$ cat query_14.csv   # CSV, C-alpha atoms and all ligand atoms
chain,number,residue,atom,x,y,z
E,131,MET,CA,102.1,80.0,79.9
E,132,THR,CA,104.6,81.1,82.5
E,133,ALA,CA,105.8,84.7,83.0
E,134,THR,CA,109.3,83.6,81.7
E,135,GLU,CA,107.8,82.5,78.4
E,136,THR,CA,105.9,85.7,77.9
E,137,THR,CA,108.6,88.1,78.8
E,138,GLY,CA,112.0,86.4,78.3
E,139,LEU,CA,112.9,87.3,81.8
E,140,ARG,CA,114.6,85.2,84.5
E,141,PHE,CA,113.3,84.9,88.0
E,142,ARG,CA,115.6,85.3,91.0
E,143,GLN,CA,115.0,85.2,94.7
E,144,ASP,CA,117.2,86.1,97.7
E,145,TYR,CA,119.7,88.0,95.5
E,146,PHE,CA,120.9,90.8,97.9
E,147,SER,CA,124.3,89.1,98.5
E,148,ASP,CA,125.0,89.5,94.8
E,149,PRO,CA,126.4,93.1,94.3
E,150,ALA,CA,125.0,93.2,90.7
E,151,GLY,CA,121.6,92.2,92.0
E,152,TRP,CA,121.6,94.8,94.7
E,153,ALA,CA,122.7,97.5,92.2
E,154,ALA,CA,119.8,96.4,90.0
E,155,LEU,CA,117.4,97.0,92.8
E,156,VAL,CA,118.9,100.4,93.7
E,157,SER,CA,118.4,101.4,90.1
E,158,LEU,CA,114.8,100.1,89.9
E,159,LEU,CA,113.8,102.0,93.1
E,160,ASP,CA,115.7,105.2,91.9
E,161,ASP,CA,114.0,105.1,88.5
E,162,THR,CA,110.5,104.2,90.0
E,163,PHE,CA,110.3,106.2,93.2
E,164,GLY,CA,113.3,108.6,93.0
E,165,ILE,CA,114.8,107.2,96.2
E,166,ASP,CA,118.4,106.0,96.7
E,167,ILE,CA,118.7,103.0,99.1
E,168,ASP,CA,122.4,102.5,98.3
E,169,PRO,CA,123.5,104.4,101.4
E,170,LEU,CA,122.3,101.4,103.4
E,171,ARG,CA,125.5,99.7,102.5
E,172,GLU,CA,127.4,102.2,104.7
E,173,LEU,CA,124.7,102.1,107.4
E,174,GLY,CA,125.1,98.4,108.4
E,175,GLY,CA,123.6,96.9,105.2
E,176,ALA,CA,120.2,95.8,104.1
E,177,ASP,CA,117.9,94.1,106.6
E,178,PRO,CA,119.4,90.5,106.8
E,179,THR,CA,115.9,89.1,107.0
E,180,SER,CA,115.1,90.5,103.5
E,181,MET,CA,113.8,88.1,100.9
E,182,PRO,CA,113.6,89.8,97.5
E,183,PHE,CA,111.6,88.3,94.6
E,184,GLY,CA,112.6,89.7,91.2
E,185,TRP,CA,112.4,89.2,87.4
E,186,PHE,CA,115.7,90.1,85.6
E,187,THR,CA,116.5,90.7,81.9
E,188,GLU,CA,119.4,88.8,80.4
E,189,GLY,CA,121.4,92.0,80.7
E,190,GLY,CA,120.8,92.1,84.5
E,191,VAL,CA,118.2,94.8,84.6
E,192,LEU,CA,115.6,94.2,87.3
E,193,ALA,CA,112.2,94.5,85.6
E,194,ALA,CA,110.0,93.6,88.5
E,195,ASN,CA,110.5,93.3,92.2
E,196,LEU,CA,108.8,92.8,95.6
E,197,SER,CA,110.7,92.2,98.8
E,198,ALA,CA,109.5,90.6,102.0
E,199,PHE,CA,111.3,91.0,105.4
E,200,ALA,CA,110.6,90.3,109.1
E,201,MET,CA,108.8,93.2,110.6
E,202,PRO,CA,107.8,92.3,114.2
E,203,PHE,CA,105.6,94.9,115.7
E,204,VAL,CA,103.6,95.5,118.9
E,205,LEU,CA,99.9,95.8,118.6
E,206,ASN,CA,97.7,96.4,121.7
E,207,GLY,CA,100.5,95.3,123.9
E,208,ARG,CA,101.2,92.0,122.0
E,209,LEU,CA,104.3,91.3,119.9
E,210,VAL,CA,103.1,90.2,116.5
E,211,ASN,CA,105.3,88.0,114.4
E,212,ALA,CA,104.8,89.9,111.1
E,213,ALA,CA,106.4,90.3,107.8
E,214,GLY,CA,106.6,93.5,105.8
E,215,LEU,CA,106.5,93.9,102.0
E,216,GLN,CA,108.5,96.7,100.3
E,217,SER,CA,110.2,97.8,97.1
E,218,GLY,CA,107.3,96.7,94.9
E,219,ALA,CA,107.8,98.0,91.4
E,220,VAL,CA,107.7,97.0,87.7
E,221,ARG,CA,109.5,99.0,85.0
E,222,PRO,CA,107.1,100.6,82.5
E,223,PRO,CA,107.9,98.4,79.5
E,224,TRP,CA,107.0,95.3,81.5
E,225,ARG,CA,103.9,96.5,83.2
E,226,GLY,CA,100.4,95.0,82.5
E,227,ARG,CA,101.8,91.5,82.0
E,228,GLY,CA,101.1,90.0,85.4
E,229,LEU,CA,104.6,90.3,86.7
E,230,TYR,CA,103.5,92.1,89.9
E,231,ARG,CA,100.8,89.6,90.5
E,232,ASP,CA,103.5,86.9,90.1
E,233,VAL,CA,105.9,88.4,92.7
E,234,THR,CA,103.0,89.2,95.0
E,235,HIS,CA,101.9,85.5,95.0
E,236,LYS,CA,105.5,84.4,95.5
E,237,ALA,CA,106.2,86.9,98.4
E,238,LEU,CA,102.9,86.0,100.2
E,239,GLY,CA,103.6,82.3,99.7
E,240,TRP,CA,107.0,82.7,101.3
E,241,CYS,CA,105.5,84.7,104.2
E,242,GLU,CA,103.0,81.9,104.8
E,243,ALA,CA,105.7,79.2,104.6
E,244,GLN,CA,107.8,81.1,107.1
E,245,GLY,CA,104.8,81.1,109.5
E,246,PHE,CA,104.3,84.9,109.8
E,247,GLU,CA,101.0,85.6,111.4
E,248,ALA,CA,100.4,88.9,109.6
E,249,VAL,CA,101.8,90.9,106.7
E,250,ILE,CA,102.0,94.7,106.5
E,251,LEU,CA,102.9,97.2,103.9
E,252,TYR,CA,102.6,100.9,103.0
E,253,THR,CA,101.0,101.9,99.7
E,254,ASP,CA,99.4,104.7,97.8
E,255,LYS,CA,97.5,102.1,95.7
E,256,PRO,CA,95.3,100.2,98.2
E,257,ASP,CA,93.3,98.6,95.4
E,258,LEU,CA,96.4,96.7,94.3
E,259,TYR,CA,96.4,94.8,97.6
E,260,ALA,CA,92.8,94.5,98.7
E,261,PRO,CA,92.3,91.4,96.5
E,262,TYR,CA,94.9,89.6,98.6
E,263,GLY,CA,93.0,90.4,101.9
E,264,PHE,CA,95.0,93.5,102.9
E,265,ARG,CA,92.9,96.1,104.7
E,266,SER,CA,93.8,99.7,105.6
E,267,LEU,CA,94.5,100.7,109.2
E,268,PRO,CA,93.4,104.3,110.0
E,269,LEU,CA,96.4,106.3,111.2
E,270,HIS,CA,96.4,109.0,113.9
E,271,LYS,CA,99.0,111.3,115.3
E,272,TYR,CA,98.7,113.2,118.6
E,273,ALA,CA,98.9,117.0,119.2
E,274,GLY,CA,98.6,119.2,122.2
E,275,PRO,CA,100.3,121.9,124.4
E,276,ALA,CA,103.9,121.2,125.2
E,277,PRO,CA,104.8,120.3,128.8
E,278,ALA,CA,107.3,122.6,130.6
E,279,PRO,CA,110.8,121.2,130.1
E,280,ALA,CA,111.9,119.3,133.2
E,281,GLY,CA,115.4,118.2,134.2
E,282,SER,CA,118.9,119.2,133.2
E,283,ALA,CA,119.9,116.4,130.8
E,284,ALA,CA,122.2,117.4,128.0
E,285,SER,CA,122.1,116.3,124.4
E,286,ARG,CA,124.3,116.2,121.3
E,287,PRO,CA,123.6,115.7,117.6
E,288,LEU,CA,123.9,112.2,116.1
E,289,GLN,CA,125.3,111.6,112.6
E,290,PRO,CA,124.4,108.1,111.3
E,291,ARG,CA,127.3,108.3,108.8
E,292,ASP,CA,129.8,108.9,111.6
E,293,ALA,CA,131.2,105.4,112.5
E,294,GLY,CA,131.0,106.0,116.3
E,295,ASP,CA,127.5,107.4,116.1
E,296,LEU,CA,126.4,104.6,113.8
E,297,SER,CA,127.7,102.0,116.2
E,298,LEU,CA,125.9,103.7,119.1
E,299,LEU,CA,122.6,103.9,117.1
E,300,GLN,CA,122.9,100.2,116.1
E,301,ASP,CA,123.4,99.3,119.7
E,302,LEU,CA,120.4,101.4,120.8
E,303,LEU,CA,118.2,100.0,118.0
E,304,ALA,CA,119.2,96.4,118.8
E,305,ASN,CA,118.0,96.8,122.4
E,306,ARG,CA,115.1,99.3,122.0
E,307,LYS,CA,111.8,99.2,123.7
E,308,PRO,CA,108.9,99.8,121.4
E,309,ILE,CA,107.9,103.5,121.4
E,310,SER,CA,104.2,102.6,122.1
E,311,GLU,CA,102.1,99.7,123.5
E,312,THR,CA,99.4,100.4,121.0
E,313,LEU,CA,101.3,100.2,117.7
E,314,ALA,CA,105.1,100.3,117.2
E,315,VAL,CA,107.9,98.4,115.5
E,316,ALA,CA,109.8,96.1,117.7
E,317,SER,CA,113.1,96.6,115.9
E,318,SER,CA,113.6,97.4,112.2
E,319,PRO,CA,117.1,99.0,112.5
E,320,ALA,CA,117.7,99.2,108.7
E,321,MET,CA,114.4,101.1,108.1
E,322,PHE,CA,115.3,103.6,110.9
E,323,LEU,CA,118.8,104.2,109.5
E,324,ILE,CA,117.8,104.7,105.9
E,325,ASN,CA,114.9,106.9,106.8
E,326,THR,CA,117.3,109.3,108.5
E,327,GLN,CA,118.8,109.8,105.0
E,328,PHE,CA,115.6,110.4,103.1
E,329,ASP,CA,114.3,113.5,104.9
E,330,PRO,CA,117.0,116.2,105.6
E,331,THR,CA,114.6,118.0,108.0
E,332,ILE,CA,114.7,115.1,110.5
E,333,ARG,CA,117.1,115.8,113.3
E,334,LEU,CA,118.7,113.1,115.5
E,335,SER,CA,119.9,113.9,119.0
E,336,TYR,CA,121.4,111.7,121.8
E,337,LEU,CA,120.3,112.3,125.4
E,338,GLU,CA,123.5,111.2,127.2
E,339,GLU,CA,121.9,110.7,130.6
E,340,GLY,CA,118.8,108.9,129.5
E,341,LYS,CA,120.8,106.9,126.8
E,342,ALA,CA,118.1,107.8,124.3
E,343,ALA,CA,118.2,108.7,120.6
E,344,ILE,CA,115.5,111.2,119.6
E,345,ALA,CA,114.3,111.7,116.0
E,346,TRP,CA,112.5,115.0,115.8
E,347,LYS,CA,111.7,118.1,113.7
E,348,MET,CA,110.9,121.7,114.3
E,349,PRO,CA,108.8,122.7,111.2
E,350,ALA,CA,107.8,126.0,112.7
E,351,ALA,CA,108.9,128.1,115.7
E,352,GLY,CA,107.5,126.7,118.9
E,353,HIS,CA,106.1,123.6,117.2
E,354,PHE,CA,108.0,120.4,118.1
E,355,VAL,CA,107.3,117.1,116.2
E,356,LEU,CA,108.6,113.9,117.8
E,357,LEU,CA,109.0,111.0,115.4
E,358,ASP,CA,110.7,108.4,117.5
E,359,VAL,CA,112.7,107.6,120.6
E,360,ILE,CA,115.2,104.8,120.7
E,361,ALA,CA,115.9,103.7,124.2
E,362,THR,CA,115.5,100.9,126.7
E,363,GLU,CA,113.7,103.2,129.1
E,364,MET,CA,111.5,105.9,127.6
E,365,PRO,CA,112.3,109.4,128.9
E,366,PRO,CA,109.3,111.6,129.6
E,367,LEU,CA,108.5,114.2,127.0
E,368,ALA,CA,109.3,117.0,129.5
E,369,ALA,CA,112.8,115.5,129.9
E,370,ILE,CA,113.3,115.2,126.1
E,371,LEU,CA,112.4,118.9,125.6
E,372,ALA,CA,114.8,119.9,128.4
E,373,GLY,CA,117.5,117.7,127.0
E,374,LEU,CA,117.2,119.2,123.5
E,375,GLY,CA,117.0,122.7,125.0
E,376,ILE,CA,113.7,123.4,123.3
E,377,GLU,CA,111.0,125.7,124.4
E,378,ALA,CA,108.0,124.6,122.5
E,379,THR,CA,104.4,125.7,122.8
E,380,THR,CA,102.9,122.8,120.9
E,381,VAL,CA,103.9,119.2,120.4
E,382,GLU,CA,103.0,116.5,117.9
E,383,THR,CA,103.9,112.9,118.3
E,384,LEU,CA,103.8,110.6,115.2
E,385,PHE,CA,102.8,107.6,117.3
E,386,HIS,CA,100.6,106.9,120.3
E,387,PRO,CA,102.5,108.6,123.2
E,388,ASP,CA,101.5,106.1,125.9
E,389,ARG,CA,105.0,105.9,127.3
E,390,LEU,CA,106.0,109.6,127.4
E,391,GLY,CA,104.1,111.0,130.5
E,392,TRP,CA,102.1,113.2,128.1
E,393,SER,CA,98.9,113.0,126.3
E,394,GLY,CA,97.6,114.9,123.3
E,395,LYS,CA,94.6,114.8,121.1
E,396,ALA,CA,94.3,112.1,118.4
E,397,LEU,CA,94.1,113.6,114.9
E,398,PRO,CA,93.9,111.8,111.5
E,399,TYR,CA,97.3,111.5,109.9
E,400,GLU,CA,97.4,112.4,106.2
E,401,GLY,CA,100.7,110.9,105.1
E,402,GLY,CA,99.9,110.2,101.5
E,403,THR,CA,100.3,106.4,101.9
E,404,ARG,CA,98.1,103.8,103.6
E,405,LEU,CA,99.3,101.2,106.1
E,406,MET,CA,97.7,97.9,105.2
E,407,LEU,CA,97.5,94.7,107.2
E,408,ARG,CA,96.8,91.1,106.1
E,409,GLY,CA,95.8,88.6,108.8
E,410,MET,CA,94.6,89.2,112.3
E,411,GLU,CA,91.1,89.9,110.9
E,412,GLU,CA,89.4,90.3,114.3
E,413,VAL,CA,91.9,92.8,115.7
E,414,SER,CA,91.5,96.6,115.7
E,415,LEU,CA,93.6,99.2,117.5
E,416,ASP,CA,92.8,99.8,121.2
E,417,HIS,CA,93.6,103.5,120.7
E,418,PRO,CA,94.1,105.7,117.6
E,419,ALA,CA,97.7,105.2,116.5
E,420,MET,CA,100.3,105.1,113.7
E,421,LEU,CA,103.7,103.6,113.1
E,422,SER,CA,106.5,106.1,113.5
E,423,PRO,CA,107.6,107.5,110.0
E,424,MET,CA,111.1,106.3,111.1
E,425,ALA,CA,109.7,102.8,110.4
E,426,ASP,CA,108.4,103.7,106.9
E,427,PHE,CA,109.4,101.1,104.3
U,501,LIG,C1,101.7,99.1,90.3
U,501,LIG,C2,102.6,98.2,89.5
U,501,LIG,C3,103.6,97.5,90.5
U,501,LIG,C4,101.8,97.2,88.8
U,501,LIG,O1,102.7,96.3,88.1
U,501,LIG,P1,102.2,95.4,86.8
U,501,LIG,O2,103.2,94.4,86.5
U,501,LIG,O3,101.7,96.3,85.7
U,501,LIG,O4,100.9,94.7,87.5
U,501,LIG,P2,100.3,93.3,87.0
U,501,LIG,O5,100.2,93.3,85.5
U,501,LIG,O6,100.9,92.1,87.6
U,501,LIG,O7,98.8,93.4,87.6
U,501,LIG,C5,98.5,92.9,88.8
U,501,LIG,C6,97.1,93.3,89.2
U,501,LIG,O8,97.2,94.7,89.7
U,501,LIG,C7,96.2,95.5,89.0
U,501,LIG,N1,96.8,96.8,88.9
U,501,LIG,C8,97.9,97.2,88.1
U,501,LIG,N2,98.2,98.5,88.4
U,501,LIG,C9,97.3,98.9,89.3
U,501,LIG,C10,97.1,100.2,90.0
U,501,LIG,N3,97.9,101.2,89.7
U,501,LIG,N4,96.2,100.3,90.9
U,501,LIG,C11,95.4,99.2,91.2
U,501,LIG,N5,95.5,98.0,90.6
U,501,LIG,C12,96.5,97.8,89.7
U,501,LIG,C13,96.1,94.8,87.7
U,501,LIG,O9,94.8,95.2,87.1
U,501,LIG,C14,96.1,93.3,88.0
U,501,LIG,O10,94.9,92.9,88.6
U,501,LIG,P3,94.4,91.4,88.4
U,501,LIG,O11,95.4,90.5,89.2
U,501,LIG,O12,93.1,91.4,89.0
U,501,LIG,O13,94.5,91.1,86.9
U,501,LIG,C15,103.4,99.0,88.5
U,501,LIG,O14,102.5,99.8,87.7
U,501,LIG,C16,104.4,100.0,89.1
U,501,LIG,O15,105.6,99.7,89.3
U,501,LIG,N6,104.0,101.2,89.4
U,501,LIG,C17,104.9,102.3,90.0
U,501,LIG,C18,105.3,101.8,91.4
U,501,LIG,C19,104.2,101.4,92.3
U,501,LIG,O16,103.2,102.1,92.4
U,501,LIG,N7,104.4,100.3,93.1
U,501,LIG,C20,103.5,99.8,94.0
U,501,LIG,C21,103.8,100.6,95.3
U,501,LIG,S1,103.1,99.9,96.7

$ encode --input "query_14.csv" --output "structure tokens"
Amino acid sequence: MTATETTGLRFRQDYFSDPAGWAALVSLLDDTFGIDIDPLRELGGADPTSMPFGWFTEGGVLAANLSAFAMPFVLNGRLVNAAGLQSGAVRPPWRGRGLYRDVTHKALGWCEAQGFEAVILYTDKPDLYAPYGFRSLPLHKYAGPAPAPAGSAASRPLQPRDAGDLSLLQDLLANRKPISETLAVASSPAMFLINTQFDPTIRLSYLEEGKAAIAWKMPAAGHFVLLDVIATEMPPLAAILAGLGIEATTVETLFHPDRLGWSGKALPYEGGTRLMLRGMEEVSLDHPAMLSPMADF
């Protein structure tokens, strides 16, 4: 028996160019996770490499979905041709009927046919993916005393919804150098842009001289948290602090800071979700690391 026969649903793949299909996904993710991905339409659109797999009702409601997309990342200095999986959800009335198993098989089959050497995803339900050969990667941030600010660079705030700033950000994202040699996304502009919308405490600044966009937070006085740097040449942490006009006493970087002229102490990162990897079984991280939360998907 196929899933169609048991549910009365219709399977569709690659439906993002259909406005009704996109709206159905926006609704599924809002209802399931309370997140709104519709602003992506004003931020350059969904990742063009996305390949969604979904089961729709006759009325056009998306009952089950899982999307694959190209997610090249650097691991231990090597560019990995990887896919990511995201937007995995089944509406409550259709759960427990094998629909998620079905879209998972379809998405992984597509990844294999495309020749991706690895697949990564974030989840709070690792047991859901372990049967498919996914394993959790331990995640670490870095913390330590702040360097003295150095240099006289100036900065200005960036607003992704401003047309000029969006174009500047897209240009920087298209040409960025990965933030770390150990573990970092190579590109993923759509993820970066939508993540600026999900957390209002994230601040974006542009260092004019270094041509670098900085994603950062200041959760407590004197405590600077660096989430990401989008640049072709990475400015040192001391120059970033000077450019932002910040006098911090402590710094956290939410990635391995091997390109910032600064080192901190690796600490386990408790982010609530696990990063899981399928493929590259023999590989482990050369240093404790994590993917910047600006790459969360
Ligand atoms: C998790 C979820 C996608 C499962 O959908 P579903 O259609 O009920 O799943 P299926 O019926 O296809 O079951 C697939 C398999 O996953 C298992 N499974 C289902 N829910 C699970 C859970 N919460 N944790 C671990 N395993 C689970 C099933 O036992 C089944 O195992 P089997 O293949 O060995 O029989 C659905 O409950 C959901 O949308 N939850 C909220 C959003 C969410 O958590 N999404 C995943 C985020 S990464």

$ residues_near_ligand --input "query_14.csv" --ligand "ligand LIG 501 (chain U)" --cutoff "8 Å" --atoms "only C-alpha atoms and all ligand atoms" --output "list in words"
Thr162, Phe163, Ala194, Gln216, Ser217, Gly218, Ala219, Val220, Arg221, Pro222, Trp224, Arg225, Gly226, Arg227, Gly228, Leu229, Tyr230, Arg231, Asp232, Leu251, Tyr252, Thr253, Asp254, Lys255, Pro256, Asp257, Leu258, Tyr259 and Pro261 of chain E

$ atom_distance --input "query_14.csv" --atom1 "CA of Ile309 (chain E)" --atom2 "CA of Ala283 (chain E)"
20.0 Å

$ closest_residue --input "query_14.csv" --among "E:Asp358, E:Asp301, E:Asp295, E:Asp426" --to "Ile250 (chain E)" --atoms "all atoms listed in the file"
E:Asp426

$ closest_residue --input "query_14.csv" --among "E:Ala369, E:Ala150, E:Pro330, E:Glu363" --to "Pro349 (chain E)" --atoms "only C-alpha atoms"
E:Pro330

$ residues_around --input "query_14.csv" --residues "Ala293 (chain E)" --least-positions-apart "4" --cutoff "10 Å" --atoms "only C-alpha atoms" --output "list in words"
Glu172, Leu173, Gln289, Ser297, Leu298 and Leu299 of chain E

$ atom_distance --input "query_14.csv" --atom1 "CA of Ala243 (chain E)" --atom2 "CA of Asp148 (chain E)"
24.0 Å

$ residues_around --input "query_14.csv" --residues "Val191 (chain E)" --least-positions-apart "2" --cutoff "9 Å" --atoms "all atoms listed in the file" --output "ChimeraX atom specification"
/E:151,154-155,157-158,185-189,193

$ write_last_selection --input "query_14.csv" --atoms "C-alpha atoms" --output "mmCIF file, in the coordinates of the input"
data_model
loop_
_atom_site.group_PDB
_atom_site.id
_atom_site.type_symbol
_atom_site.label_atom_id
_atom_site.label_comp_id
_atom_site.auth_asym_id
_atom_site.auth_seq_id
_atom_site.Cartn_x
_atom_site.Cartn_y
_atom_site.Cartn_z
ATOM 1 C CA GLY E 151 121.600 92.200 92.000
ATOM 2 C CA ALA E 154 119.800 96.400 90.000
ATOM 3 C CA LEU E 155 117.400 97.000 92.800
ATOM 4 C CA SER E 157 118.400 101.400 90.100
ATOM 5 C CA LEU E 158 114.800 100.100 89.900
ATOM 6 C CA TRP E 185 112.400 89.200 87.400
ATOM 7 C CA PHE E 186 115.700 90.100 85.600
ATOM 8 C CA THR E 187 116.500 90.700 81.900
ATOM 9 C CA GLU E 188 119.400 88.800 80.400
ATOM 10 C CA GLY E 189 121.400 92.000 80.700
ATOM 11 C CA ALA E 193 112.200 94.500 85.600
#

$ closest_residue --input "query_14.csv" --among "E:Leu192, E:Ala368, E:Ala361, E:Ala320" --to "Ala345 (chain E)" --atoms "all atoms listed in the file"
E:Ala361

$ closest_residue --input "query_14.csv" --among "E:Thr179, E:Asp166, E:Val233, E:Gly263" --to "Glu411 (chain E)" --atoms "only C-alpha atoms"
E:Gly263

$ closest_residue --input "query_14.csv" --among "E:Leu374, E:Leu367, E:Val315, E:Leu269" --to "Gly402 (chain E)" --atoms "all atoms listed in the file"
E:Leu269

$ atom_distance --input "query_14.csv" --atom1 "CA of Pro268 (chain E)" --atom2 "CA of Ala248 (chain E)"
16.9 Å

$ residues_around --input "query_14.csv" --residues "Gly340 (chain E)" --least-positions-apart "4" --cutoff "12 Å" --atoms "only C-alpha atoms" --output "short mmCIF file (atom, residue, chain, number, x, y, z; two decimals) with C-alpha atoms, in the coordinates of the input"
data_model
loop_
_atom_site.label_atom_id
_atom_site.label_comp_id
_atom_site.auth_asym_id
_atom_site.auth_seq_id
_atom_site.Cartn_x
_atom_site.Cartn_y
_atom_site.Cartn_z
CA GLY E 281 115.40 118.20 134.20
CA SER E 282 118.90 119.20 133.20
CA ALA E 283 119.90 116.40 130.80
CA ALA E 284 122.20 117.40 128.00
CA SER E 285 122.10 116.30 124.40
CA LEU E 302 120.40 101.40 120.80
CA SER E 335 119.90 113.90 119.00
CA TYR E 336 121.40 111.70 121.80
CA ILE E 344 115.50 111.20 119.60
CA VAL E 359 112.70 107.60 120.60
CA ILE E 360 115.20 104.80 120.70
CA ALA E 361 115.90 103.70 124.20
CA THR E 362 115.50 100.90 126.70
CA GLU E 363 113.70 103.20 129.10
CA MET E 364 111.50 105.90 127.60
CA PRO E 365 112.30 109.40 128.90
CA PRO E 366 109.30 111.60 129.60
CA LEU E 367 108.50 114.20 127.00
CA ALA E 369 112.80 115.50 129.90
CA ILE E 370 113.30 115.20 126.10
CA ALA E 372 114.80 119.90 128.40
CA GLY E 373 117.50 117.70 127.00
#

$ residues_around --input "query_14.csv" --residues "Ile167 (chain E)" --least-positions-apart "6" --cutoff "8 Å" --atoms "only C-alpha atoms" --output "NGL selection string"
:E and (156 or 159 or 324)

$ closest_residue --input "query_14.csv" --among "E:Ile376, E:Ala276, E:Leu288, E:Ala425" --to "Leu334 (chain E)" --atoms "all atoms listed in the file"
E:Leu288

$ residues_around --input "query_14.csv" --residues "Lys347 (chain E)" --least-positions-apart "4" --cutoff "10 Å" --atoms "only C-alpha atoms" --output "ChimeraX atom specification"
/E:330-334,353-357,382

$ decode --input "query_14.csv" --residues "region 335-351 of chain E" --atoms "N, CA and C atoms" --output "JSON list (two decimals), in the first residue's frame"
[["chain", "number", "residue", "atom", "x", "y", "z"],
["E", 335, "SER", "N", 26.42, 44.84, 11.78],
["E", 335, "SER", "CA", 27.16, 46.09, 11.55],
["E", 335, "SER", "C", 28.10, 45.89, 10.37],
["E", 336, "TYR", "N", 28.40, 47.00, 9.70],
["E", 336, "TYR", "CA", 29.31, 46.94, 8.56],
["E", 336, "TYR", "C", 30.58, 47.72, 8.88],
["E", 337, "LEU", "N", 31.71, 47.06, 8.82],
["E", 337, "LEU", "CA", 32.99, 47.74, 8.98],
["E", 337, "LEU", "C", 33.41, 48.25, 7.60],
["E", 338, "GLU", "N", 33.30, 49.56, 7.41],
["E", 338, "GLU", "CA", 33.52, 50.13, 6.07],
["E", 338, "GLU", "C", 34.91, 49.78, 5.54],
["E", 339, "GLU", "N", 35.93, 50.01, 6.38],
["E", 339, "GLU", "CA", 37.29, 49.86, 5.90],
["E", 339, "GLU", "C", 37.61, 48.41, 5.56],
["E", 340, "GLY", "N", 37.23, 47.51, 6.45],
["E", 340, "GLY", "CA", 37.54, 46.08, 6.24],
["E", 340, "GLY", "C", 36.53, 45.39, 5.33],
["E", 341, "LYS", "N", 35.48, 46.11, 4.91],
["E", 341, "LYS", "CA", 34.41, 45.53, 4.07],
["E", 341, "LYS", "C", 33.92, 44.21, 4.67],
["E", 342, "ALA", "N", 33.53, 44.29, 5.95],
["E", 342, "ALA", "CA", 33.10, 43.08, 6.66],
["E", 342, "ALA", "C", 31.77, 43.35, 7.36],
["E", 343, "ALA", "N", 30.82, 42.41, 7.21],
["E", 343, "ALA", "CA", 29.58, 42.48, 7.97],
["E", 343, "ALA", "C", 29.75, 41.61, 9.21],
["E", 344, "ILE", "N", 29.39, 42.18, 10.36],
["E", 344, "ILE", "CA", 29.57, 41.50, 11.63],
["E", 344, "ILE", "C", 28.20, 41.20, 12.23],
["E", 345, "ALA", "N", 27.95, 39.95, 12.59],
["E", 345, "ALA", "CA", 26.72, 39.58, 13.32],
["E", 345, "ALA", "C", 27.13, 39.36, 14.77],
["E", 346, "TRP", "N", 26.52, 40.13, 15.68],
["E", 346, "TRP", "CA", 26.98, 40.10, 17.06],
["E", 346, "TRP", "C", 25.84, 40.38, 18.04],
["E", 347, "LYS", "N", 26.15, 40.13, 19.32],
["E", 347, "LYS", "CA", 25.20, 40.40, 20.40],
["E", 347, "LYS", "C", 25.96, 40.92, 21.60],
["E", 348, "MET", "N", 25.26, 41.61, 22.45],
["E", 348, "MET", "CA", 25.85, 42.08, 23.71],
["E", 348, "MET", "C", 24.84, 41.71, 24.79],
["E", 349, "PRO", "N", 24.80, 40.44, 25.22],
["E", 349, "PRO", "CA", 23.73, 40.03, 26.13],
["E", 349, "PRO", "C", 23.88, 40.59, 27.53],
["E", 350, "ALA", "N", 25.10, 41.00, 27.91],
["E", 350, "ALA", "CA", 25.30, 41.63, 29.22],
["E", 350, "ALA", "C", 26.42, 42.65, 29.06],
["E", 351, "ALA", "N", 26.43, 43.64, 29.94],
["E", 351, "ALA", "CA", 27.45, 44.70, 29.82],
["E", 351, "ALA", "C", 28.84, 44.08, 29.85]]
